[in-house]
Amino acid sequence: MKQIGRKIKEYAASFLFFWIFLVVPLFFENKYFNILEAKGHVYVVGAIAACIFMLVGFVLEKSVGELLPESGNILDLGIVLFGVIALISCLLSGSVWESFWGLSGWRVGAFTFATFTLFYRFLASNLKYRQNLWIPVLLVNVVIFLFGIFHSMGVDILGMHEYINPKEFYSYISTIGNLNWFVGYLCLTVPLVTVFYLSSESVFSRNICLVFLIPAVLNMVLCGSDGLYLGIGVCAFFAVPYIMGEGKRIQRIFVLMCLYGCALLIVGICPFFSEKVVSIKGISAVFLRLPVTVGIIVIGIAGLILARRFGDQISEKTQRRITVLLELLLILTAAVFLWDMIMNFNDSWGTERGRTWRYSLNLFRNFSVKDKLLGVGPEMLRSYYAELTDYFSRKILVAHSEPLQILLTTGIAGFLCWIVIWGSVIGLYLKKSLWKHEAIAFVLPLAAYLGQSLVNSPQTTNVAILCVMFACFRLHTKEEKISP
């Protein structure tokens with residue numbers, strides 16, 4: 001019976017993996033008009049089905065110990081404690097039903113956070129990981145990205161934009177929804193496959209990755225969100241040592257740079273994207289300027305030529321020096337952008353995020369001691385943002401910054417868990433030199449998500465995928481996996 005229970009749990013883990021990566025991103029109900037609710041509905045259905053399978057497996061195997069945090073593992077402890085705090089905050093919110101299901105927000109309620117914790121521990125113990133798991137995921141994403149390309153041309157595939165406000169036509173894309181949600185989705189998927197491409201040994205696997213990456217990179221340009229560049233920028237800090245580790249990776253990263261430059265060029269000059277380009281602002285618009293685009297392509301081609309000529313001849317000492325130099329350049333770039341943000345921060349900064357953040361911090365200062373410690377409950381900010389809703393003439397339900405959202409809804413206790421979770425990932429990356437191990441495939445998407453999360457709030461699709469990424473990271477950082 002124990003063997004049957006174990007097998008059922010393995011099937012449940014595979015079911016959960018594919019449900020999150022294949023079904024949730026594709027699912028919609030009433031076009032874009034209830035896309036948040038639709039994602040919440042499909043996630044709940046899959047989560048309940050997975051829980052039933054899990055329960056049967058645990059009963060037959062007569063063991064649930066694997067769901068408890070592993071002794072001494074900070075990541076486990078942080079995620080489990082966060083799930084517990086989210087449930088406690090929900091119970092104290094004054095509207096348990098709404099907070100549990102996230103009905104007053106973006107559907108990321110206590111149920112989502114609790115199952116996030118449950119599924120993280122379950123997948124980390126029961127998912128039979130193999131590279132072939134990603135093939136159907138890549139193929140489905142090609143379809144998602146093709147939808148995104150057509151939508152950016154103004155071609156309304158599946159009638160998703162029917163009856164939508166014309167001013168918001170290009171704010172929603174593919175089957176994911178709002179561009180801000182698409183940013184998180186791209187940050188979680190593109191760095192993962194980029195690592196697969198950079199490390200691939202066979203022509204077949206390399207081509208499979210390129211089939212995904214070509215439309216993915218085009219969608220990154222079409223997304224036109226500065227939050228995406230923030231995510232990729234944070235990801236770059238962790239990626240540089242990995243890329244510099246082998247000559248072939250250096251060559252291939254320049255191939256991707258050329259691909260990115262070509263995508264910029266196509267979007268910038270192709271008449272099919274002319275209306276979309278008008279809606280792109282900020283840093284994203286700067287990259288679309290022809291001199292910048294040509295410069296990126298030239299650097300990519302020159303870098304590729306040099307990498308092919310000298311890439312394998314670079315000594316380890318030189319690699320380390322180049323790595324340090326690149327990291328210093330990234331730090332300098334980040335410092336410049338941070339200084340610019342500080343000097344120019346006002347209510348209109350970041351498409352009015354400045355106003356929302358200032359208002360949110362004022363809210364927190366006026367919270368009771370209980371609300372400061374445990375928050376007002378997951379997804380319970382609607383009534384607190386009534387004044388902002390009146391100002392913007394549209395519903396404001398979230399803080400548009402994940403750490404700020406966590407602070408307000410789960411309090412200082414939840415916020416500290418959030419810090420512990422991400423701190424443990426960064427700490428393990430440094431302590432175990434994960435740029436030398438397979439775990440880097442999951443470090444980079446996590447890093448990219450962390451970067452964009454500073455300016456975006458969590459949404460069901462991305463939270464579900466984030467759960468799997470954390471579980472795969474945990475699976476790949478077990479001691480036997482990362483030992484020299």
# chains A, B, ... in the order shown; residues from 1 in each chain; ligands from 1

call {"tool": "closest_atom_pairs", "arguments": {"of": "range 347-421 of chain A", "to": "range 458-465 of chain A", "cutoff": "9 Å", "atoms": "only C-alpha atoms", "output": "CSV"}}
result
residue,atom,partner,partner_atom,distance
A:Val398,CA,A:Pro458,CA,8.9
A:His400,CA,A:Pro458,CA,8.5
A:Ser401,CA,A:Pro458,CA,8.3
A:Glu402,CA,A:Pro458,CA,6.2
A:Gln405,CA,A:Pro458,CA,8.5

call {"tool": "residues_around", "arguments": {"residues": "range 102-105 of chain A", "least_positions_apart": "3", "cutoff": "9 Å", "atoms": "only C-alpha atoms", "output": "compact mmCIF listing (two decimals) with N, CA, C and O atoms, in the first residue's frame"}}
result
# COMPACT_ATOMS: atom_id res chain seq x y z
N GLU A 37 -10.40 36.74 -12.19
CA GLU A 37 -11.29 35.75 -11.59
C GLU A 37 -11.13 34.39 -12.27
O GLU A 37 -11.13 33.35 -11.61
N GLY A 40 -8.08 32.68 -11.09
CA GLY A 40 -8.33 32.20 -9.74
C GLY A 40 -9.19 30.94 -9.73
O GLY A 40 -8.90 29.98 -9.01
N TRP A 97 -14.17 34.98 4.62
CA TRP A 97 -14.52 34.43 3.32
C TRP A 97 -13.84 35.21 2.19
O TRP A 97 -13.22 34.62 1.30
N GLU A 98 -13.95 36.53 2.23
CA GLU A 98 -13.34 37.36 1.18
C GLU A 98 -11.83 37.26 1.18
O GLU A 98 -11.20 37.17 0.13
N SER A 99 -11.24 37.28 2.36
CA SER A 99 -9.79 37.22 2.45
C SER A 99 -9.27 35.84 2.06
O SER A 99 -8.21 35.74 1.43
N VAL A 108 -5.54 36.50 -4.98
CA VAL A 108 -4.41 35.85 -4.30
C VAL A 108 -4.67 35.95 -2.80
O VAL A 108 -4.03 36.72 -2.09
N GLY A 109 -5.65 35.17 -2.34
CA GLY A 109 -6.04 35.21 -0.95
C GLY A 109 -5.30 34.19 -0.10
O GLY A 109 -4.30 33.59 -0.54
N ALA A 110 -5.80 33.97 1.10
CA ALA A 110 -5.14 33.04 2.02
C ALA A 110 -5.12 31.62 1.46
O ALA A 110 -4.19 30.86 1.73
N PHE A 111 -6.14 31.25 0.69
CA PHE A 111 -6.15 29.93 0.06
C PHE A 111 -4.94 29.76 -0.85
O PHE A 111 -4.25 28.73 -0.83
N THR A 112 -4.67 30.77 -1.66
CA THR A 112 -3.54 30.71 -2.59
C THR A 112 -2.22 30.61 -1.83
O THR A 112 -1.35 29.81 -2.17
N PRO A 378 -5.03 39.01 3.62
CA PRO A 378 -4.72 38.92 2.19
C PRO A 378 -5.85 39.46 1.32
O PRO A 378 -7.02 39.14 1.52
N GLU A 379 -5.48 40.32 0.38
CA GLU A 379 -6.39 40.91 -0.62
C GLU A 379 -7.54 41.71 0.01
O GLU A 379 -8.65 41.74 -0.52
N MET A 380 -7.27 42.39 1.13
CA MET A 380 -8.32 43.15 1.81
C MET A 380 -8.06 44.66 1.78
O MET A 380 -8.41 45.38 2.70
N LEU A 381 -7.46 45.16 0.69
CA LEU A 381 -7.11 46.58 0.62
C LEU A 381 -8.16 47.43 -0.12
O LEU A 381 -8.02 48.64 -0.17
N ARG A 382 -9.18 46.80 -0.66
CA ARG A 382 -10.17 47.54 -1.46
C ARG A 382 -10.73 48.74 -0.69
O ARG A 382 -10.71 49.88 -1.20
N SER A 383 -11.24 48.52 0.50
CA SER A 383 -11.85 49.61 1.25
C SER A 383 -10.82 50.65 1.68
O SER A 383 -11.13 51.85 1.76
N ILE A 396 -8.77 50.55 -7.35
CA ILE A 396 -7.41 50.26 -6.92
C ILE A 396 -7.52 49.19 -5.83
O ILE A 396 -8.09 49.43 -4.77
N LEU A 397 -6.98 48.01 -6.10
CA LEU A 397 -7.16 46.87 -5.20
C LEU A 397 -5.85 46.40 -4.57
O LEU A 397 -5.88 45.69 -3.57
N VAL A 398 -4.72 46.79 -5.18
CA VAL A 398 -3.43 46.29 -4.71
C VAL A 398 -2.42 47.44 -4.66
O VAL A 398 -2.65 48.51 -5.22

call {"tool": "closest_atom_pairs", "arguments": {"of": "range 31-121 of chain A", "to": "range 151-163 of chain A", "cutoff": "9 Å", "atoms": "only C-alpha atoms", "output": "CSV"}}
result
residue,atom,partner,partner_atom,distance
A:Lys31,CA,A:Met160,CA,4.7
A:Tyr32,CA,A:Met160,CA,6.1
A:Phe33,CA,A:Met160,CA,8.9

call {"tool": "write_last_selection", "arguments": {"atoms": "N, CA and C atoms", "output": "compact mmCIF listing (two decimals), in the first residue's frame"}}
result
# COMPACT_ATOMS: atom_id res chain seq x y z
N LYS A 31 -13.42 36.58 -21.75
CA LYS A 31 -12.36 37.38 -22.38
C LYS A 31 -11.49 38.02 -21.30
N TYR A 32 -11.20 39.34 -21.44
CA TYR A 32 -10.37 40.01 -20.45
C TYR A 32 -11.20 40.61 -19.30
N PHE A 33 -12.52 40.51 -19.40
CA PHE A 33 -13.37 41.21 -18.45
C PHE A 33 -13.39 40.57 -17.07

call {"tool": "select_by_dssp", "arguments": {"residues": "range 96-267 of chain A", "states": "helix (DSSP H, G or I)", "output": "NGL selection string"}}
result
:A and (96-101 or 110-126 or 131-152 or 157-159 or 166-171 or 179-199 or 203-223 or 226-243 or 247-267)

call {"tool": "closest_residue", "arguments": {"among": "A:Ile135, A:Gly261, A:Leu198, A:Ser95", "to": "Val211 in chain A", "atoms": "only C-alpha atoms"}}
result
A:Ile135

call {"tool": "residues_around", "arguments": {"residues": "Trp19 in chain A", "least_positions_apart": "3", "cutoff": "10 Å", "atoms": "only C-alpha atoms", "output": "PyMOL selection string"}}
result
chain A and resi 13-16+22-25+42-43+45-47+50+464

call {"tool": "residues_around", "arguments": {"residues": "Ile297 in chain A", "least_positions_apart": "2", "cutoff": "8 Å", "atoms": "only C-alpha atoms", "output": "list in words"}}
result
Met257, Cys258, Tyr260, Gly261, Cys262, Thr293, Val294, Gly295, Ile299, Gly300 and Ile301 of chain A

call {"tool": "residues_around", "arguments": {"residues": "Leu81 in chain A", "least_positions_apart": "4", "cutoff": "9 Å", "atoms": "only C-alpha atoms", "output": "PDB file with N, CA and C atoms, in the first residue's frame"}}
result
ATOM      1  N   ASP A  76      12.580  26.610   3.694  1.00  0.00           N
ATOM      2  CA  ASP A  76      11.397  25.864   4.132  1.00  0.00           C
ATOM      3  C   ASP A  76      10.683  26.598   5.256  1.00  0.00           C
ATOM      4  N   LEU A  77      11.455  27.004   6.251  1.00  0.00           N
ATOM      5  CA  LEU A  77      10.876  27.667   7.419  1.00  0.00           C
ATOM      6  C   LEU A  77      10.177  28.959   7.019  1.00  0.00           C
ATOM      7  N   ILE A  85       1.083  32.528   8.684  1.00  0.00           N
ATOM      8  CA  ILE A  85       0.755  33.925   8.993  1.00  0.00           C
ATOM      9  C   ILE A  85      -0.364  34.435   8.092  1.00  0.00           C
ATOM     10  N   ALA A  86      -0.343  34.047   6.804  1.00  0.00           N
ATOM     11  CA  ALA A  86      -1.404  34.459   5.890  1.00  0.00           C
ATOM     12  C   ALA A  86      -2.764  33.942   6.370  1.00  0.00           C
ATOM     13  N   THR A 117       2.317  27.199   0.064  1.00  0.00           N
ATOM     14  CA  THR A 117       3.167  26.542   1.056  1.00  0.00           C
ATOM     15  C   THR A 117       3.067  25.019   0.964  1.00  0.00           C
ATOM     16  N   GLY A 414       4.542  38.866   8.165  1.00  0.00           N
ATOM     17  CA  GLY A 414       4.591  38.340   6.803  1.00  0.00           C
ATOM     18  C   GLY A 414       5.729  38.939   6.004  1.00  0.00           C
ATOM     19  N   CYS A 417       8.955  37.282   6.843  1.00  0.00           N
ATOM     20  CA  CYS A 417       9.034  35.982   6.171  1.00  0.00           C
ATOM     21  C   CYS A 417       9.424  36.163   4.708  1.00  0.00           C
TER      22      CYS A 417
END

call {"tool": "atom_distance", "arguments": {"atom1": "CA of Gly5 in chain A", "atom2": "CA of Ala49 in chain A"}}
result
15.9 Å

call {"tool": "select_by_dssp", "arguments": {"residues": "range 109-354 of chain A", "states": "strand (DSSP E)", "output": "mmCIF file with all heavy atoms, in the first residue's frame"}}
result
data_model
loop_
_atom_site.group_PDB
_atom_site.id
_atom_site.type_symbol
_atom_site.label_atom_id
_atom_site.label_comp_id
_atom_site.auth_asym_id
_atom_site.auth_seq_id
_atom_site.Cartn_x
_atom_site.Cartn_y
_atom_site.Cartn_z
ATOM 1 N N TYR A 172 -3.574 44.806 -22.630
ATOM 2 C CA TYR A 172 -3.856 43.398 -22.359
ATOM 3 C C TYR A 172 -3.321 42.558 -23.511
ATOM 4 O O TYR A 172 -3.447 42.937 -24.681
ATOM 5 C CB TYR A 172 -5.359 43.175 -22.182
ATOM 6 C CG TYR A 172 -5.880 43.774 -20.902
ATOM 7 C CD1 TYR A 172 -6.207 45.126 -20.827
ATOM 8 C CD2 TYR A 172 -6.013 42.994 -19.758
ATOM 9 C CE1 TYR A 172 -6.659 45.691 -19.636
ATOM 10 C CE2 TYR A 172 -6.464 43.542 -18.572
ATOM 11 C CZ TYR A 172 -6.781 44.894 -18.520
ATOM 12 O OH TYR A 172 -7.216 45.447 -17.344
ATOM 13 N N ILE A 173 -2.748 41.412 -23.170
ATOM 14 C CA ILE A 173 -2.028 40.653 -24.184
ATOM 15 C C ILE A 173 -2.156 39.151 -23.952
ATOM 16 O O ILE A 173 -2.173 38.674 -22.810
ATOM 17 C CB ILE A 173 -0.538 41.071 -24.191
ATOM 18 C CG1 ILE A 173 0.209 40.488 -25.384
ATOM 19 C CG2 ILE A 173 0.144 40.703 -22.893
ATOM 20 C CD1 ILE A 173 1.589 41.094 -25.595
ATOM 21 N N GLY A 177 -3.259 38.376 -19.754
ATOM 22 C CA GLY A 177 -4.005 39.520 -19.235
ATOM 23 C C GLY A 177 -3.213 40.804 -19.309
ATOM 24 O O GLY A 177 -2.559 41.097 -20.310
ATOM 25 N N ASN A 178 -3.259 41.594 -18.240
ATOM 26 C CA ASN A 178 -2.601 42.889 -18.206
ATOM 27 C C ASN A 178 -1.096 42.765 -18.423
ATOM 28 O O ASN A 178 -0.470 41.775 -18.031
ATOM 29 C CB ASN A 178 -2.888 43.565 -16.866
ATOM 30 C CG ASN A 178 -2.420 45.003 -16.827
ATOM 31 O OD1 ASN A 178 -1.272 45.278 -16.543
ATOM 32 N ND2 ASN A 178 -3.332 45.918 -17.129
#

call {"tool": "residues_around", "arguments": {"residues": "Asn132 in chain A", "least_positions_apart": "5", "cutoff": "12 Å", "atoms": "only C-alpha atoms", "output": "list in words"}}
result
Val137, Leu138, Leu139, Phe196, Ser205 and Ile208 of chain A

call {"tool": "closest_residue", "arguments": {"among": "A:Thr175, A:Asn30, A:Asn456, A:Ser348", "to": "Phe150 in chain A", "atoms": "only C-alpha atoms"}}
result
A:Thr175

call {"tool": "atom_distance", "arguments": {"atom1": "CA of Leu123 in chain A", "atom2": "CA of His41 in chain A"}}
result
21.3 Å

call {"tool": "closest_atom_pairs", "arguments": {"of": "range 388-459 of chain A", "to": "range 180-186 of chain A", "cutoff": "9 Å", "atoms": "only C-alpha atoms", "output": "CSV"}}
result
residue,atom,partner,partner_atom,distance
A:Pro445,CA,A:Leu186,CA,8.9
A:Ala448,CA,A:Gly184,CA,8.2
A:Tyr449,CA,A:Gly184,CA,5.9
A:Gln452,CA,A:Gly184,CA,6.6
A:Ser453,CA,A:Gly184,CA,7.5
A:Val455,CA,A:Asn180,CA,9.0
A:Asn456,CA,A:Asn180,CA,6.7
A:Ser457,CA,A:Trp181,CA,8.4
A:Pro458,CA,A:Trp181,CA,8.1
A:Gln459,CA,A:Trp181,CA,6.8

call {"tool": "atom_distance", "arguments": {"atom1": "CA of Leu407 in chain A", "atom2": "CA of Arg394 in chain A"}}
result
23.2 Å

call {"tool": "closest_residue", "arguments": {"among": "A:Phe287, A:Phe27, A:Phe254, A:Phe237", "to": "Ala302 in chain A", "atoms": "only C-alpha atoms"}}
result
A:Phe254
